[in-house]
Every structure is written in structure tokens, then in C-alpha cells.
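Structure file query-v9.cif with mmCIF, C-alpha atoms:
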data_run
#
loop_
_atom_site.label_atom_id
_atom_site.label_comp_id
_atom_site.auth_asym_id
_atom_site.auth_seq_id
_atom_site.Cartn_x
_atom_site.Cartn_y
_atom_site.Cartn_z
CA MET Z 1 124.98 112.94 98.51
CA ALA Z 2 123.92 115.60 96.03
CA TYR Z 3 121.76 114.89 93.03
CA ASP Z 4 121.81 118.37 91.47
CA GLU Z 5 120.00 118.79 88.23
CA LYS Z 6 120.58 115.22 87.10
CA ARG Z 7 117.62 113.52 85.48
CA ILE Z 8 116.21 110.16 86.37
CA TRP Z 9 115.26 107.89 83.50
CA GLY Z 10 113.07 104.80 83.63
CA ILE Z 11 113.45 101.96 81.16
CA HIS Z 12 111.99 98.50 80.43
CA THR Z 13 113.40 95.56 78.53
CA LYS Z 14 112.62 91.98 77.60
CA ASP Z 15 116.33 91.13 77.88
CA ASP Z 16 117.12 91.37 81.60
CA ASN Z 17 120.35 89.43 81.20
CA MET Z 18 121.72 91.91 78.67
CA PHE Z 19 121.07 94.89 80.94
CA LEU Z 20 122.38 93.26 84.11
CA GLN Z 21 125.34 91.30 82.76
CA LYS Z 22 126.59 93.79 80.17
CA SER Z 23 125.82 96.89 82.26
CA VAL Z 24 123.90 98.71 79.57
CA ILE Z 25 120.50 100.23 78.99
CA ALA Z 26 119.15 99.92 75.48
CA ILE Z 27 116.11 100.34 73.26
CA GLY Z 28 115.25 98.81 69.91
CA TRP Z 29 113.99 100.38 66.67
CA LYS Z 30 116.84 98.76 64.76
CA ASP Z 31 115.46 99.97 61.42
CA MET Z 32 116.05 103.58 62.54
CA GLY Z 33 119.77 102.95 62.24
CA ASP Z 34 122.43 105.08 63.93
CA LEU Z 35 120.55 107.90 65.66
CA SER Z 36 123.65 110.11 65.76
CA LYS Z 37 123.39 110.46 61.98
CA ILE Z 38 119.94 112.08 62.23
CA GLU Z 39 119.78 115.85 62.70
CA ALA Z 40 119.51 116.56 66.43
CA SER Z 41 115.95 117.89 66.44
CA ARG Z 42 112.61 116.34 67.31
CA GLU Z 43 111.18 117.23 63.91
CA ALA Z 44 114.03 115.50 62.09
CA PHE Z 45 113.49 112.39 64.22
CA LYS Z 46 109.75 112.43 63.41
CA GLU Z 47 110.44 112.75 59.68
CA HIS Z 48 112.93 109.89 59.74
CA TYR Z 49 110.54 107.78 61.82
CA MET Z 50 107.75 108.26 59.28
CA GLN Z 51 110.11 107.31 56.44
CA VAL Z 52 111.13 104.11 58.21
CA TYR Z 53 107.62 103.29 59.46
CA PRO Z 54 105.21 104.76 56.88
CA ASP Z 55 102.21 102.90 58.32
CA ALA Z 56 102.73 104.17 61.86
CA LYS Z 57 99.87 106.09 63.44
CA LYS Z 58 100.35 109.74 64.34
CA GLY Z 59 100.45 109.03 68.07
CA SER Z 60 103.03 106.26 67.77
CA VAL Z 61 105.21 108.50 65.58
CA ALA Z 62 105.29 111.19 68.25
CA ASN Z 63 105.93 108.68 71.07
CA GLY Z 64 108.51 106.61 69.23
CA ALA Z 65 110.45 109.52 67.77
CA GLY Z 66 110.31 111.32 71.11
CA MET Z 67 111.77 108.37 73.03
CA LEU Z 68 114.52 107.91 70.46
CA TYR Z 69 115.43 111.61 70.48
CA ARG Z 70 115.59 111.73 74.27
CA PHE Z 71 117.63 108.52 74.45
CA ALA Z 72 120.17 109.83 71.92
CA HIS Z 73 120.38 113.50 72.88
CA GLU Z 74 118.88 114.22 76.30
CA VAL Z 75 120.43 111.42 78.35
CA GLN Z 76 123.67 112.70 79.87
CA VAL Z 77 126.59 110.97 81.56
CA GLY Z 78 125.87 111.03 85.29
CA ASP Z 79 122.09 110.84 84.93
CA TYR Z 80 120.31 108.22 87.03
CA VAL Z 81 118.51 105.13 85.74
CA VAL Z 82 115.68 103.14 87.33
CA TYR Z 83 115.08 99.77 85.73
CA PRO Z 84 112.63 97.12 87.04
CA SER Z 85 113.87 93.64 86.07
CA LYS Z 86 111.24 90.95 85.64
CA ILE Z 87 113.65 88.04 85.94
CA ASP Z 88 114.09 88.66 89.68
CA ARG Z 89 111.52 91.40 90.44
CA MET Z 90 114.20 93.81 91.59
CA ILE Z 91 114.49 97.57 91.18
CA ASN Z 92 117.91 98.33 89.71
CA LEU Z 93 119.39 101.79 90.23
CA GLY Z 94 122.41 103.10 88.37
CA THR Z 95 124.14 105.98 86.63
CA VAL Z 96 124.75 106.57 82.92
CA GLU Z 97 128.42 106.01 82.10
CA SER Z 98 128.59 106.82 78.36
CA GLU Z 99 127.19 108.98 75.62
CA TYR Z 100 124.85 107.36 73.09
CA ILE Z 101 126.23 104.22 71.41
CA TYR Z 102 124.96 102.53 68.25
CA ASP Z 103 125.67 98.78 68.23
CA GLY Z 104 124.71 97.58 64.75
CA ASP Z 105 125.70 94.01 65.61
CA ALA Z 106 123.07 93.71 68.34
CA VAL Z 107 120.14 91.44 67.51
CA GLU Z 108 117.49 93.92 68.63
CA TYR Z 109 118.62 96.53 71.15
CA VAL Z 110 120.99 98.57 68.99
CA GLN Z 111 120.52 101.96 70.71
CA GLN Z 112 122.58 101.85 73.90
CA HIS Z 113 124.21 103.63 76.83
CA LYS Z 114 126.73 102.11 79.23
CA VAL Z 115 125.60 102.21 82.86
CA LYS Z 116 127.02 101.45 86.27
CA TRP Z 117 124.54 99.63 88.49
CA LEU Z 118 124.72 100.99 92.03
CA LYS Z 119 121.97 99.11 93.85
CA HIS Z 120 119.56 96.24 93.30
CA LEU Z 121 116.64 96.55 95.71
CA PRO Z 122 113.45 94.54 96.27
CA ARG Z 123 110.20 96.07 95.03
CA THR Z 124 108.91 95.94 98.60
CA ALA Z 125 111.30 98.79 99.48
CA PHE Z 126 109.24 101.27 97.42
CA SER Z 127 105.76 102.75 97.65
CA GLN Z 128 103.08 101.52 95.28
CA GLY Z 129 102.93 104.93 93.63
CA ALA Z 130 106.65 104.77 92.85
CA LEU Z 131 106.21 101.28 91.39
CA TYR Z 132 103.27 102.46 89.28
CA GLU Z 133 105.34 105.28 87.79
CA ILE Z 134 108.09 102.97 86.55
CA GLY Z 135 105.41 100.61 85.26
CA SER Z 136 104.90 103.10 82.42
CA ALA Z 137 103.62 101.66 79.15
CA MET Z 138 106.54 103.41 77.40
CA SER Z 139 109.89 101.68 76.94
CA PHE Z 140 111.88 104.75 77.95
CA PHE Z 141 110.63 107.68 80.02
CA SER Z 142 111.50 110.36 82.55
CA VAL Z 143 110.82 109.63 86.23
CA LYS Z 144 109.34 112.73 87.88
CA ASN Z 145 106.59 112.11 90.43
CA TYR Z 146 108.63 109.78 92.62
CA ALA Z 147 112.13 110.91 91.72
CA ASP Z 148 112.94 111.82 95.33
CA GLU Z 149 111.99 108.34 96.54
CA TYR Z 150 114.34 106.66 94.09
CA LEU Z 151 117.16 109.10 94.83
CA ALA Z 152 116.72 108.50 98.56
CA ALA Z 153 117.22 104.79 97.93
CA LEU Z 154 120.77 105.56 96.76
CA ASP Z 155 121.79 106.98 100.15
CA LYS Z 156 124.02 104.81 102.32
CA ASN Z 157 121.58 104.99 105.21
CA PHE Z 158 118.69 103.65 103.12
CA LYS Z 159 117.45 100.34 104.52
CA LYS Z 160 116.28 97.92 101.86
CA THR Z 161 114.59 95.89 104.56
CA ALA Z 162 112.07 98.65 105.18
CA VAL Z 163 108.64 97.78 103.86
CA THR Z 164 106.93 100.93 102.67
CA THR Z 165 103.19 101.24 103.02
CA ASP Z 166 100.90 103.63 101.18
CA THR Z 167 98.42 105.31 103.45
CA GLU Z 168 96.52 106.73 100.50
CA GLU Z 169 96.05 105.76 96.89
CA ASP Z 170 98.02 108.00 94.56
CA GLU Z 171 95.55 109.26 91.97
CA SER Z 172 98.24 110.99 89.92
CA VAL Z 173 99.49 107.69 88.52
CA GLY Z 174 97.09 105.39 86.69
CA ALA Z 175 97.49 101.63 86.60
CA THR Z 176 97.43 99.43 83.51
CA ALA Z 177 96.21 95.82 83.58
CA GLU Z 178 99.80 94.58 83.77
CA GLU Z 179 100.52 96.98 86.62
CA ILE Z 180 97.50 95.67 88.53
CA VAL Z 181 99.00 92.17 88.36
CA GLU Z 182 102.38 93.55 89.48
CA SER Z 183 100.62 95.51 92.22
CA THR Z 184 99.01 92.30 93.49
CA LYS Z 185 102.38 90.56 93.63
CA ASP Z 186 103.95 93.55 95.39
CA PHE Z 187 101.09 93.54 97.88
CA ILE Z 188 101.67 89.87 98.72
CA LEU Z 189 105.41 90.33 99.24
CA LYS Z 190 104.85 93.35 101.45
CA GLU Z 191 102.32 91.50 103.59
CA LEU Z 192 104.62 88.48 103.93
CA SER Z 193 107.59 90.68 104.82
CA LYS Z 194 105.54 92.61 107.36
CA ASN Z 195 103.73 89.72 109.05
CA LEU Z 196 105.88 86.62 108.67
CA LYS Z 197 109.38 86.37 110.05
CA GLY Z 198 111.31 83.37 111.33
CA TYR Z 199 109.04 80.62 112.68
CA ASP Z 200 105.91 82.37 111.40
CA LEU Z 201 107.16 82.07 107.82
CA GLU Z 202 107.87 78.37 108.39
CA GLU Z 203 104.27 77.82 109.49
CA PHE Z 204 103.02 79.68 106.42
CA VAL Z 205 105.18 77.63 104.02
CA ALA Z 206 103.89 74.44 105.64
CA ASP Z 207 100.33 75.65 105.08
CA LEU Z 208 101.11 76.47 101.45
CA LEU Z 209 102.56 73.00 100.92
CA LYS Z 210 99.36 71.51 102.39
CA ALA Z 211 97.37 73.60 99.90
CA MET Z 212 99.52 72.05 97.18
CA GLY Z 213 98.59 68.54 98.33
CA TYR Z 214 101.53 67.65 100.62
CA ARG Z 215 101.45 66.27 104.15
CA THR Z 216 103.70 68.38 106.32
CA LYS Z 217 105.37 68.28 109.72
CA VAL Z 218 106.99 71.42 111.12
CA SER Z 219 110.14 70.78 113.14
CA PRO Z 220 110.25 71.89 116.78
CA HIS Z 221 111.36 75.48 117.14
CA GLY Z 222 114.95 75.92 118.18
CA GLY Z 223 116.13 72.64 116.72
CA ASP Z 224 119.55 72.57 115.06
CA SER Z 225 118.88 69.92 112.42
CA GLY Z 226 118.74 72.47 109.61
CA ILE Z 227 115.35 71.15 108.55
CA ASP Z 228 112.29 73.31 109.19
CA ILE Z 229 109.58 71.21 107.52
CA VAL Z 230 109.32 67.62 106.34
CA ALA Z 231 106.83 67.08 103.51
CA TYR Z 232 105.40 63.95 101.82
CA LYS Z 233 103.04 63.47 98.92
CA ASP Z 234 101.76 60.31 100.58
CA GLU Z 235 102.83 57.83 103.25
CA LEU Z 236 105.77 56.55 101.20
CA PRO Z 237 109.14 58.12 100.34
CA PRO Z 238 110.60 60.30 99.01
CA ARG Z 239 110.72 62.83 101.78
CA ILE Z 240 111.08 66.50 100.95
CA MET Z 241 113.28 68.28 103.47
CA VAL Z 242 112.42 71.97 103.57
CA GLN Z 243 114.47 74.86 104.87
CA VAL Z 244 112.87 78.32 105.14
CA LYS Z 245 114.78 81.61 105.44
CA SER Z 246 113.19 85.00 106.05
CA GLN Z 247 116.45 86.96 105.85
CA ASP Z 248 116.60 89.99 103.55
CA GLY Z 249 120.02 89.35 102.01
CA ASP Z 250 120.63 86.94 99.14
CA ILE Z 251 121.06 83.28 100.09
CA LYS Z 252 124.65 82.02 99.86
CA GLU Z 253 125.98 78.69 98.63
CA THR Z 254 127.04 77.63 102.14
CA THR Z 255 123.45 77.97 103.35
CA ILE Z 256 122.21 75.65 100.60
CA GLN Z 257 124.98 73.21 101.45
CA SER Z 258 123.75 73.05 105.05
CA LEU Z 259 120.41 71.77 103.77
CA LYS Z 260 122.17 69.17 101.64
CA GLY Z 261 124.17 68.06 104.68
CA ALA Z 262 120.96 67.43 106.65
CA MET Z 263 119.42 65.25 103.94
CA ARG Z 264 119.63 61.45 103.81
CA GLU Z 265 120.01 59.29 100.74
CA GLY Z 266 116.75 59.33 98.78
CA ASP Z 267 115.60 62.66 100.19
CA TYR Z 268 114.78 65.71 98.10
CA GLY Z 269 115.38 69.24 99.29
CA LEU Z 270 113.38 72.44 99.01
CA PHE Z 271 114.78 75.83 99.99
CA VAL Z 272 112.28 78.69 100.37
CA SER Z 273 113.25 82.33 100.69
CA MET Z 274 111.65 85.69 99.96
CA SER Z 275 115.10 86.88 98.86
CA ASN Z 276 117.14 85.79 95.86
CA TYR Z 277 120.21 83.56 95.60
CA THR Z 278 123.81 84.55 94.95
CA LYS Z 279 125.50 83.57 91.71
CA ASN Z 280 127.48 80.82 93.45
CA ALA Z 281 124.34 79.53 95.14
CA ARG Z 282 122.59 79.31 91.76
CA LYS Z 283 125.57 77.45 90.32
CA TYR Z 284 125.49 75.00 93.23
CA LEU Z 285 121.76 74.45 92.73
CA ASP Z 286 122.27 73.80 89.02
CA ASN Z 287 124.72 71.05 89.95
CA THR Z 288 122.46 69.64 92.70
CA PRO Z 289 119.17 68.74 90.98
CA ILE Z 290 117.74 67.04 94.09
CA ILE Z 291 117.37 70.48 95.71
CA ARG Z 292 114.86 73.01 94.41
CA ALA Z 293 115.10 76.66 95.46
CA ILE Z 294 112.19 79.08 95.48
CA ASN Z 295 112.67 82.85 95.66
CA GLY Z 296 110.17 85.58 96.47
CA THR Z 297 108.82 85.79 92.92
CA GLU Z 298 108.18 82.05 92.69
CA LEU Z 299 106.68 81.99 96.18
CA VAL Z 300 104.18 84.68 95.17
CA ASP Z 301 103.24 82.74 92.03
CA LEU Z 302 102.50 79.66 94.14
CA ILE Z 303 100.42 81.71 96.57
CA LEU Z 304 98.35 83.05 93.70
CA LYS Z 305 97.94 79.59 92.23
CA TYR Z 306 96.82 77.90 95.47
CA TYR Z 307 95.32 80.90 97.27
CA GLU Z 308 91.82 79.46 97.68
CA ASP Z 309 93.23 76.38 99.45
CA LEU Z 310 95.26 78.30 102.03
CA SER Z 311 94.02 78.36 105.61
CA GLU Z 312 91.56 81.11 106.43
CA LYS Z 313 94.15 82.66 108.75
CA TYR Z 314 96.46 83.40 105.83
CA ARG Z 315 93.72 84.42 103.43
CA LYS Z 316 92.70 87.04 105.97
CA MET Z 317 96.31 88.15 106.26
CA ILE Z 318 96.53 88.50 102.46
CA PRO Z 319 93.00 89.60 101.41
CA LEU Z 320 93.46 89.26 97.66
CA LYS Z 321 89.76 89.34 96.82
CA ARG Z 322 89.94 93.09 97.18
CA VAL Z 323 92.88 93.24 94.82
CA TYR Z 324 93.13 90.76 91.95
CA ILE Z 325 93.99 87.09 91.52
CA PRO Z 326 95.47 86.64 88.03
CA VAL Z 327 96.35 82.94 88.22
CA THR Z 328 94.14 79.87 88.64
CA LYS Z 329 95.24 76.31 89.25
CA GLU Z 330 93.59 75.19 86.04
CA GLY Z 331 95.39 77.75 83.89
CA ALA Z 332 98.75 77.93 85.64
CA GLU Z 333 101.86 76.08 84.74
#

Render the structure in this file as C-alpha cells.
Amino acid sequence: MAYDEKRIWGIHTKDDNMFLQKSVIAIGWKDMGDLSKIEASREAFKEHYMQVYPDAKKGSVANGAGMLYRFAHEVQVGDYVVYPSKIDRMINLGTVESEYIYDGDAVEYVQQHKVKWLKHLPRTAFSQGALYEIGSAMSFFSVKNYADEYLAALDKNFKKTAVTTDTEEDESVGATAEEIVESTKDFILKELSKNLKGYDLEEFVADLLKAMGYRTKVSPHGGDSGIDIVAYKDELPPRIMVQVKSQDGDIKETTIQSLKGAMREGDYGLFVSMSNYTKNARKYLDNTPIIRAINGTELVDLILKYYEDLSEKYRKMIPLKRVYIPVTKEGAE
């Protein structure tokens, strides 16, 4: 696959659903109005920006006007887009499908381009340097340092199950405080993916549940009951029947139903996966409140929250004291 001369753009948003469901990329600055009506020059954009935002500092004028100019005039149909979604901690790769669009009816993100999403990959598939670059403090930016890594991810032979490791720290990309938190979460997922598969992940989840105050019993390996762990808060019911999956693909509705089929009346269910859940699986879970599903993002949050109470074996496997622990049990909800 050839990627001749096409640029790669990175973008952030607070509205993941808009980007993913409507297949658009967009930025705000609603007061700037329709950017196509501004003369197509950086200076004209700066002048208009200062008129709209007279109290803006010189640096923010240059940054804001520059992003708006590039979004309206430099983005071309066929360019590539890298967008990290926070709702599911995925890296979304796509191509630009339209010229600049002004949607005056939008609540906030009025400056838009249509896109076609090609792949949605876990953050663990990319190096930390690549993740740092798209963690830019800017809303819209050009991806340069790790462009080849993102383009390679679009190839058919790319394996999203591969966990990349950085042998050296990349000093060309600095990390913000938010990126350090994201880096910690990425680190945890990579270590889990690398060290815990199948029965090993079941043992880890049981240990995490113990750290959370549950009594646990891991089912014998090779059993066909569909239940990997049974957990109790105390000696009395209800039981929590836990199924753990270490597969890389999204969990389907039929897999959740198998857990439901193994539960008795009065039981609650917990499904734990480092992957996400398909749309139908989410719909089934919404209609089955006695089963709770945890994905990779939520699993990491629980690990951070109860890290100090994990067994020493797992704390050595995930040595967070050398990274950063942003959540405490007292402050976490």
C-alpha cells in the first residue's frame, strides 16, 4: 500500500461519540464562524482571530489561528487521521473524505471534515514514543516523528495483538502531566498483555478481587462450567460468578450469554476482559443489569486504585513505583 505524499493529522476531542458515530473530525472555535469566508492566508486568519478574541495572548493567537488555517486549507481529501479516543482508549486511524465543512448548527464543533475510519487499534499496539506524539497539547496537529509507525498499522499484515516495547526512551517527544498518566495506563496494559494470558490472567483477576475485599475461589483449569472465579463479599450470598477472557478481539454477545447461562438464581455476574465489547454485547449488558462487564480501561483503573493491596508477585510484575500512581483508594470513585 502506498502512502505517497499524504499527510497524517492528529486530533483530540471531548466528544468521542460524535467522531466515531458520525464519522467526522472536528474542532471548535465557533465564534470564528465559517472559515471558508476568511481570506486563505495565515495572516488573515490571525487578524480575524484577534478581532474575535481581542484578549487572547500572542502565543494563543498564533497557535489557534494556525490550527484553524491548517484545518480549513491544508487538510486534503485522502490525508490520514490519527485520533486517540478516551472513551475506549483506542487509536482510531482513518482517511479524510471531504473538503472543509462548516456546520453552524453544531453545538460546539462547527469546523468539520468527513472521515472514513479504517482501523480501531489498542494503544498497546504502538510504541510509547508514538503515543506521546499524539498526546500533543494541541487540538489539531501534524504527525511527523512517528508517521511511519501509524502508516504501518494500516497494512493488512499488521498484527494488533503485537505488544510493542520501547528499548530506549525517546527524548525527541516530551511528556505532559496528562501524558504521564496515560503512559502509566499504557504501561500496565502492555505488561498484562505480555505476561498474563489464559489461566494466568484468571489468577491475577482473583488477586485483584481479593485486594478489593472479596473472597475468591478459582475454578479448576480445564473445567467447562464457563465460570473462572467465584467471589463473595462474606460467607453469605450473593455469589459473583466471574468469567475472564484474555482474547484480543472484542467480546461478543454470545460470550456474555454463556456466562448468564452458567449463573443460578440470585447470582451476579462479572465479565473481565482486556478488550472491548461489541455493540450487541453492550446492548445485551444494558438489558442484563445483574452482569457487570469490565474492559481494559476499567481494569487498569481498578489496578491503580488497589495497587498497594495486590500480591507482591503482581506488584513486581507491574512496578508502578518507578512510573506514577495517579489514583488512590481514598480519592477514587

Legend entry - For atom CA of Z:Ile38 and atom CA of Z:Asp55, the interatomic separation in Å (one decimal):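 Atom CA of Z:Ile38 sits 20.3 Å away from atom CA of Z:Asp55.
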
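Interatomic distance, atom CA of Z:Arg239 against atom CA of Z:Asp267: 5.1 Å.
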
Inset, instruction - Considering only C-alpha atoms, state which residue in the set Z:Gly296, Z:Gln76, Z:Val115, Z:Val52 is at the smallest distance from Z:Gln21. - result: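 Nearest to Z:Gln21: Z:Val115.
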
Inset, instruction - For each of Z:His221, Z:Lys46, Z:Lys114, Z:Arg215, take the minimum atom-to-atom distance to Z:Ile240, counting only C-alpha atoms, then give the residue where this is smallest. - result: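 Nearest candidate to Z:Ile240 out of Z:His221, Z:Lys46, Z:Lys114, Z:Arg215: Z:Arg215.
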
Inset, instruction - Please indicate the distance in Å from atom CA of Z:Lys305 to atom CA of Z:Glu191, rounded to one decimal place. - result: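 Separation between atom CA of Z:Lys305 and atom CA of Z:Glu191: 17.0 Å.
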
Result set of the PyMOL selection byres ((chain Z and resi 200-207) around 12) on the coordinates above, as a PDB file with C-alpha atoms, in the coordinates of the input:
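Contents of part.pdb, freshly written:
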ATOM      1  CA  GLU Z 191     102.320  91.500 103.590  1.00  0.00           C
ATOM      2  CA  LEU Z 192     104.620  88.480 103.930  1.00  0.00           C
ATOM      3  CA  SER Z 193     107.590  90.680 104.820  1.00  0.00           C
ATOM      4  CA  LYS Z 194     105.540  92.610 107.360  1.00  0.00           C
ATOM      5  CA  ASN Z 195     103.730  89.720 109.050  1.00  0.00           C
ATOM      6  CA  LEU Z 196     105.880  86.620 108.670  1.00  0.00           C
ATOM      7  CA  LYS Z 197     109.380  86.370 110.050  1.00  0.00           C
ATOM      8  CA  GLY Z 198     111.310  83.370 111.330  1.00  0.00           C
ATOM      9  CA  TYR Z 199     109.040  80.620 112.680  1.00  0.00           C
ATOM     10  CA  LEU Z 208     101.110  76.470 101.450  1.00  0.00           C
ATOM     11  CA  LEU Z 209     102.560  73.000 100.920  1.00  0.00           C
ATOM     12  CA  LYS Z 210      99.360  71.510 102.390  1.00  0.00           C
ATOM     13  CA  ALA Z 211      97.370  73.600  99.900  1.00  0.00           C
ATOM     14  CA  MET Z 212      99.520  72.050  97.180  1.00  0.00           C
ATOM     15  CA  GLY Z 213      98.590  68.540  98.330  1.00  0.00           C
ATOM     16  CA  TYR Z 214     101.530  67.650 100.620  1.00  0.00           C
ATOM     17  CA  ARG Z 215     101.450  66.270 104.150  1.00  0.00           C
ATOM     18  CA  THR Z 216     103.700  68.380 106.320  1.00  0.00           C
ATOM     19  CA  LYS Z 217     105.370  68.280 109.720  1.00  0.00           C
ATOM     20  CA  VAL Z 218     106.990  71.420 111.120  1.00  0.00           C
ATOM     21  CA  SER Z 219     110.140  70.780 113.140  1.00  0.00           C
ATOM     22  CA  PRO Z 220     110.250  71.890 116.780  1.00  0.00           C
ATOM     23  CA  HIS Z 221     111.360  75.480 117.140  1.00  0.00           C
ATOM     24  CA  ILE Z 227     115.350  71.150 108.550  1.00  0.00           C
ATOM     25  CA  ASP Z 228     112.290  73.310 109.190  1.00  0.00           C
ATOM     26  CA  ILE Z 229     109.580  71.210 107.520  1.00  0.00           C
ATOM     27  CA  VAL Z 230     109.320  67.620 106.340  1.00  0.00           C
ATOM     28  CA  ALA Z 231     106.830  67.080 103.510  1.00  0.00           C
ATOM     29  CA  TYR Z 232     105.400  63.950 101.820  1.00  0.00           C
ATOM     30  CA  ILE Z 240     111.080  66.500 100.950  1.00  0.00           C
ATOM     31  CA  MET Z 241     113.280  68.280 103.470  1.00  0.00           C
ATOM     32  CA  VAL Z 242     112.420  71.970 103.570  1.00  0.00           C
ATOM     33  CA  GLN Z 243     114.470  74.860 104.870  1.00  0.00           C
ATOM     34  CA  VAL Z 244     112.870  78.320 105.140  1.00  0.00           C
ATOM     35  CA  LYS Z 245     114.780  81.610 105.440  1.00  0.00           C
ATOM     36  CA  SER Z 246     113.190  85.000 106.050  1.00  0.00           C
ATOM     37  CA  GLN Z 247     116.450  86.960 105.850  1.00  0.00           C
ATOM     38  CA  LEU Z 270     113.380  72.440  99.010  1.00  0.00           C
ATOM     39  CA  PHE Z 271     114.780  75.830  99.990  1.00  0.00           C
ATOM     40  CA  VAL Z 272     112.280  78.690 100.370  1.00  0.00           C
ATOM     41  CA  SER Z 273     113.250  82.330 100.690  1.00  0.00           C
ATOM     42  CA  MET Z 274     111.650  85.690  99.960  1.00  0.00           C
ATOM     43  CA  ILE Z 294     112.190  79.080  95.480  1.00  0.00           C
ATOM     44  CA  LEU Z 299     106.680  81.990  96.180  1.00  0.00           C
ATOM     45  CA  VAL Z 300     104.180  84.680  95.170  1.00  0.00           C
ATOM     46  CA  LEU Z 302     102.500  79.660  94.140  1.00  0.00           C
ATOM     47  CA  ILE Z 303     100.420  81.710  96.570  1.00  0.00           C
ATOM     48  CA  TYR Z 306      96.820  77.900  95.470  1.00  0.00           C
ATOM     49  CA  TYR Z 307      95.320  80.900  97.270  1.00  0.00           C
ATOM     50  CA  GLU Z 308      91.820  79.460  97.680  1.00  0.00           C
ATOM     51  CA  ASP Z 309      93.230  76.380  99.450  1.00  0.00           C
ATOM     52  CA  LEU Z 310      95.260  78.300 102.030  1.00  0.00           C
ATOM     53  CA  SER Z 311      94.020  78.360 105.610  1.00  0.00           C
ATOM     54  CA  GLU Z 312      91.560  81.110 106.430  1.00  0.00           C
ATOM     55  CA  LYS Z 313      94.150  82.660 108.750  1.00  0.00           C
ATOM     56  CA  TYR Z 314      96.460  83.400 105.830  1.00  0.00           C
ATOM     57  CA  ARG Z 315      93.720  84.420 103.430  1.00  0.00           C
ATOM     58  CA  MET Z 317      96.310  88.150 106.260  1.00  0.00           C
ATOM     59  CA  ILE Z 318      96.530  88.500 102.460  1.00  0.00           C
TER      60      ILE Z 318
END
